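Have a look at entry39.cif; it's mmCIF, C-alpha atoms and all ligand atoms:
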data_my_file
#
loop_
_atom_site.label_atom_id
_atom_site.label_comp_id
_atom_site.auth_asym_id
_atom_site.auth_seq_id
_atom_site.Cartn_x
_atom_site.Cartn_y
_atom_site.Cartn_z
CA MET M 1 6.00 38.56 51.33
CA LEU M 2 8.08 41.64 51.01
CA THR M 3 6.42 43.03 54.08
CA SER M 4 7.04 39.98 56.17
CA THR M 5 10.65 39.75 55.07
CA ARG M 6 11.26 43.34 55.80
CA ALA M 7 9.59 42.96 59.17
CA ARG M 8 11.82 40.02 59.99
CA CYS M 9 14.88 41.90 58.93
CA LEU M 10 13.94 44.94 60.90
CA SER M 11 13.57 42.78 63.95
CA LEU M 12 17.18 41.84 63.53
CA ILE M 13 18.39 45.40 63.52
CA LEU M 14 18.24 45.72 67.21
CA PRO M 15 20.29 42.66 68.11
CA SER M 16 23.00 43.42 65.65
CA LEU M 17 23.52 45.60 62.63
CA VAL M 18 26.10 43.20 61.41
CA SER M 19 23.72 40.29 61.45
CA TRP M 20 21.17 42.29 59.51
CA THR M 21 23.74 43.12 56.89
CA MET M 22 24.73 39.49 56.44
CA ALA M 23 21.20 38.08 56.51
CA CYS M 24 19.39 40.64 54.46
CA GLY M 25 21.94 42.56 52.53
CA THR M 26 21.41 42.20 48.83
CA SER M 27 24.60 43.79 47.60
CA ALA M 28 26.63 41.03 46.04
CA PRO M 29 30.37 41.20 45.41
CA GLY M 30 29.48 41.53 41.77
CA PRO M 31 31.99 44.16 40.78
CA SER M 32 34.92 41.96 41.70
CA ALA M 33 33.70 39.21 39.39
CA HIS M 34 33.76 41.62 36.49
CA ASP M 35 37.07 43.24 37.21
CA HIS M 36 38.67 41.59 34.23
CA PRO M 37 35.92 40.48 31.92
CA ASP M 38 38.21 40.07 28.95
CA SER M 39 41.27 38.46 30.45
CA GLY M 40 39.24 36.23 32.76
CA GLY M 41 37.44 34.07 30.24
CA SER M 42 39.88 33.40 27.46
CA PRO M 43 42.76 31.86 29.45
CA THR M 44 40.34 29.39 31.01
CA ASP M 45 39.19 28.16 27.63
CA VAL M 46 42.74 27.87 26.36
CA ALA M 47 43.83 25.95 29.45
CA VAL M 48 41.20 23.29 28.88
CA ALA M 49 42.08 22.62 25.28
CA PRO M 50 45.64 21.30 25.85
CA THR M 51 44.29 18.82 28.40
CA ASP M 52 42.01 17.28 25.81
CA VAL M 53 44.78 17.22 23.25
CA ALA M 54 47.17 15.58 25.68
CA VAL M 55 44.81 12.65 26.21
CA ALA M 56 44.52 11.75 22.57
CA PRO M 57 48.17 10.68 21.99
CA THR M 58 47.94 8.34 25.01
CA ASP M 59 44.97 6.56 23.50
CA VAL M 60 46.72 6.32 20.19
CA ALA M 61 49.89 4.97 21.78
CA VAL M 62 48.13 2.04 23.42
CA ALA M 63 45.85 1.29 20.49
CA PRO M 64 46.38 -2.30 19.28
CA THR M 65 46.36 -1.09 15.72
CA ASP M 66 49.50 0.93 16.18
CA VAL M 67 52.44 -0.32 14.21
CA ALA M 68 55.92 0.90 14.96
CA VAL M 69 58.25 1.39 12.02
CA ALA M 70 61.89 2.33 11.73
CA PRO M 71 62.79 5.94 10.94
CA THR M 72 63.27 6.43 7.24
CA ASP M 73 66.77 7.81 7.77
CA ALA M 74 67.93 4.75 9.69
CA PRO M 75 71.34 3.46 8.61
CA PRO M 76 71.55 0.15 6.73
CA ARG M 77 71.72 -3.04 8.76
CA THR M 78 73.37 -6.37 8.23
CA LEU M 79 72.49 -9.88 9.28
CA ARG M 80 74.68 -10.82 12.20
CA THR M 81 74.76 -12.83 15.41
CA LEU M 82 73.22 -10.93 18.31
CA ASN M 83 71.72 -12.17 21.58
CA ASP M 84 72.96 -15.66 20.71
CA CYS M 85 70.89 -15.71 17.55
CA ALA M 86 72.92 -16.51 14.45
CA PRO M 87 71.20 -15.57 11.17
CA ASP M 88 71.35 -19.18 9.96
CA GLY M 89 71.35 -20.86 13.34
CA SER M 90 69.44 -24.08 13.86
CA ASP M 91 67.27 -22.40 16.49
CA VAL M 92 66.02 -19.73 14.10
CA VAL M 93 62.28 -20.09 13.49
CA ASP M 94 61.37 -19.21 9.93
CA MET M 95 58.23 -17.08 10.05
CA THR M 96 58.57 -15.62 6.58
CA GLY M 97 55.40 -17.39 5.47
CA MET M 98 53.22 -16.31 8.37
CA ALA M 99 50.48 -13.71 8.02
CA ASN M 100 50.62 -12.77 11.69
CA PRO M 101 53.91 -13.83 13.30
CA VAL M 102 54.06 -13.52 17.08
CA VAL M 103 56.87 -13.53 19.62
CA LEU M 104 55.65 -14.32 23.13
CA SER M 105 57.35 -12.98 26.24
CA GLY M 106 56.76 -15.35 29.13
CA SER M 107 58.15 -17.94 31.49
CA ALA M 108 59.91 -21.10 30.41
CA PRO M 109 57.73 -24.22 30.41
CA ASP M 110 59.88 -25.77 33.13
CA GLY M 111 59.72 -22.62 35.24
CA SER M 112 63.46 -22.11 35.01
CA GLY M 113 63.16 -18.47 34.00
CA PHE M 114 61.79 -16.13 31.40
CA LEU M 115 62.26 -16.18 27.67
CA PHE M 116 60.92 -15.11 24.30
CA THR M 117 59.20 -17.77 22.20
CA PRO M 118 60.57 -18.08 19.69
CA LYS M 119 63.85 -16.49 20.69
CA CYS M 120 65.35 -16.27 17.22
CA VAL M 121 63.09 -15.33 14.32
CA ARG M 122 63.42 -14.96 10.57
CA LEU M 123 61.11 -12.57 8.75
CA ARG M 124 61.09 -10.98 5.33
CA VAL M 125 60.98 -7.28 4.54
CA GLY M 126 57.47 -5.94 4.78
CA GLN M 127 56.21 -8.24 7.52
CA THR M 128 54.80 -7.00 10.81
CA LEU M 129 55.78 -8.85 13.96
CA THR M 130 53.68 -8.86 17.12
CA PHE M 131 55.41 -8.87 20.50
CA ARG M 132 52.97 -10.27 23.05
CA ILE M 133 53.30 -10.47 26.82
CA ASP M 134 52.04 -13.76 28.28
CA GLN M 135 49.62 -12.37 30.84
CA VAL M 136 49.36 -15.72 32.62
CA THR M 137 53.02 -16.51 33.12
CA ALA M 138 54.65 -13.09 32.79
CA GLY M 139 52.04 -10.45 33.70
CA THR M 140 52.64 -7.11 32.05
CA TRP M 141 55.30 -5.21 30.16
CA GLN M 142 56.02 -3.44 33.42
CA VAL M 143 57.34 -6.71 34.81
CA HIS M 144 59.26 -7.55 31.64
CA PRO M 145 60.07 -4.26 29.87
CA LEU M 146 60.66 -4.76 26.15
CA MET M 147 63.75 -3.02 24.79
CA SER M 148 65.58 -2.94 21.48
CA GLY M 149 69.28 -3.74 21.64
CA TRP M 150 71.61 -6.56 22.55
CA ILE M 151 73.71 -7.87 25.42
CA GLU M 152 77.46 -7.73 25.14
CA ASP M 153 79.69 -8.99 27.96
CA GLY M 154 76.73 -8.75 30.30
CA SER M 155 75.93 -5.16 29.45
CA GLU M 156 73.08 -3.62 27.49
CA VAL M 157 73.87 -2.08 24.11
CA ALA M 158 71.25 0.37 22.88
CA ASP M 159 69.79 0.13 19.39
CA PRO M 160 68.21 3.57 18.93
CA THR M 161 67.34 3.20 15.25
CA SER M 162 65.39 -0.02 15.76
CA PRO M 163 61.65 0.07 15.09
CA ILE M 164 61.14 -2.09 18.19
CA PRO M 165 59.84 0.37 20.78
CA PHE M 166 60.48 0.46 24.50
CA ARG M 167 57.40 -0.80 26.31
CA ASN M 168 57.24 -0.96 30.09
CA GLU M 169 53.55 -0.80 30.93
CA GLY M 170 50.29 -2.52 30.16
CA ASP M 171 49.77 -5.82 28.40
CA ILE M 172 48.76 -4.73 24.92
CA ASP M 173 50.41 -6.27 21.87
CA VAL M 174 53.31 -4.40 20.31
CA HIS M 175 53.27 -4.43 16.52
CA VAL M 176 56.48 -3.74 14.64
CA ALA M 177 56.78 -3.40 10.87
CA PHE M 178 60.18 -4.23 9.37
CA THR M 179 60.78 -2.26 6.19
CA THR M 180 64.49 -2.94 5.75
CA GLY M 181 66.62 -6.05 6.06
CA GLY M 182 69.04 -6.75 8.89
CA THR M 183 69.16 -8.07 12.43
CA TYR M 184 66.97 -6.49 15.07
CA PRO M 185 67.83 -7.66 18.60
CA PHE M 186 65.63 -7.17 21.63
CA TYR M 187 65.60 -8.07 25.31
CA CYS M 188 63.84 -7.74 28.64
CA THR M 189 65.53 -5.08 30.75
CA ARG M 190 65.04 -7.12 33.93
CA HIS M 191 66.11 -10.61 32.89
CA TYR M 192 68.55 -10.22 30.02
CA LEU M 193 71.30 -11.79 32.08
CA THR M 194 69.27 -14.98 32.45
CA GLY M 195 68.30 -15.39 28.82
CA HIS M 196 65.28 -13.16 28.33
CA VAL M 197 66.65 -11.97 24.98
CA GLY M 198 66.05 -12.55 21.28
CA ALA M 199 66.55 -11.28 17.77
CA VAL M 200 64.72 -10.88 14.49
CA HIS M 201 66.60 -11.52 11.27
CA VAL M 202 64.87 -9.72 8.43
CA VAL M 203 65.75 -10.98 4.96
CA ASP M 204 65.03 -9.33 1.62
CA ARG M 205 63.54 -12.28 -0.15
CU CU X 1 61.83 -10.54 31.79
#
Mind turning the file's structure into structure tokens?
Ligand SMILES: [Cu+2]
Amino acid sequence: MLTSTRARCLSLILPSLVSWTMACGTSAPGPSAHDHPDSGGSPTDVAVAPTDVAVAPTDVAVAPTDVAVAPTDAPPRTLRTLNDCAPDGSDVVDMTGMANPVVLSGSAPDGSGFLFTPKCVRLRVGQTLTFRIDQVTAGTWQVHPLMSGWIEDGSEVADPTSPIPFRNEGDIDVHVAFTTGGTYPFYCTRHYLTGHVGAVHVVDR
């Protein structure tokens, strides 16, 4: 085998020395691959690790079991009328006795627009409310972004200490635990001017 290979290679010498070098040369560019044996390997391993770590929080964020809670240093709240929801209004739905209260974001039955059902809710401290996007009539949170805050004179008013998170993608349920009393307003950032708003009144009893 060696003889035949060498014979074939020698036959190539005449046509071109360059061709022989390329076809039969055995010297590999090894040295260049070992120029930096120490600094070459470690950075590669380190660069991979952050990628794996970065994926984990995304999975956790969309997990249905996630429950958003208000920051412990949040200022006290009061019960008040926000987003046309009076604390003792006749349209307030008392969900204080429910194990799994749900507010659905979807279109009105008569197709007149979008709304939350129920719009005005009463809960007690310690309950967890589920915000659910109606995938049939409303699609995803991207179409109807959920936002904490209220509408005043046609403008959005932020509510940064609310446990209700901003959600503008996917269709997974949003679970919110209310640990302190007060009124927690919310709205859809696209249709708040046409009534896609609501509020949760959390009572201590
Ligand atoms: Cu909407």
Test item: residues lying within 12 Å of ligand CU 1 (chain X) with only C-alpha atoms and all ligand atoms, as a PyMOL selection string: chain M and resi 104-108+113-116+133-134+137-147+168+186-198
Counting all atoms listed in the file, give me one row per residue of range 62-144 of chain M with an atom at most 7 Å from an atom of range 175-182 of chain M, showing the shortest contact pair and its distance in Å to one decimal, sorted by chain then residue number, as a Markdown table.
| residue | atom | partner | partner_atom | distance |
| --- | --- | --- | --- | --- |
| M:Asp66 | CA | M:His175 | CA | 6.6 |
| M:Val67 | CA | M:His175 | CA | 4.8 |
| M:Ala68 | CA | M:Val176 | CA | 4.7 |
| M:Val69 | CA | M:Ala177 | CA | 5.1 |
| M:Arg77 | CA | M:Gly182 | CA | 4.6 |
| M:Thr78 | CA | M:Gly182 | CA | 4.4 |
| M:Leu79 | CA | M:Gly182 | CA | 4.7 |
| M:Val125 | CA | M:Thr179 | CA | 5.3 |
| M:Gly126 | CA | M:Thr179 | CA | 5.1 |
| M:Gln127 | CA | M:Ala177 | CA | 5.9 |
| M:Thr128 | CA | M:Ala177 | CA | 4.1 |
| M:Leu129 | CA | M:Val176 | CA | 5.2 |
| M:Thr130 | CA | M:His175 | CA | 4.5 |
| M:Phe131 | CA | M:His175 | CA | 6.3 |
By how many Å are CA of Asp94 in chain M and CA of Tyr184 in chain M apart?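 Straight-line distance from CA of Asp94 in chain M to CA of Tyr184 in chain M works out to 14.8 Å.
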Counting only C-alpha atoms, write as JSON, numbers by chain all protein and nucleic acid residues lying at most 9 Å from (67.5, -18.3, 12.1) in the file's frame. {"M": [85, 86, 87, 88, 89, 90, 91, 92, 93, 94, 120, 121, 122, 200, 201]}
As an exercise, work out the distance from CA of Ala199 in chain M to CA of Thr161 in chain M in Å and give it to one decimal place. 14.7 Å
Quick check, in Å to one decimal: how far apart do CA of Asn100 in chain M and CA of Asp173 in chain M lie?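 Between CA of Asn100 in chain M and CA of Asp173 in chain M the gap works out to 12.1 Å.
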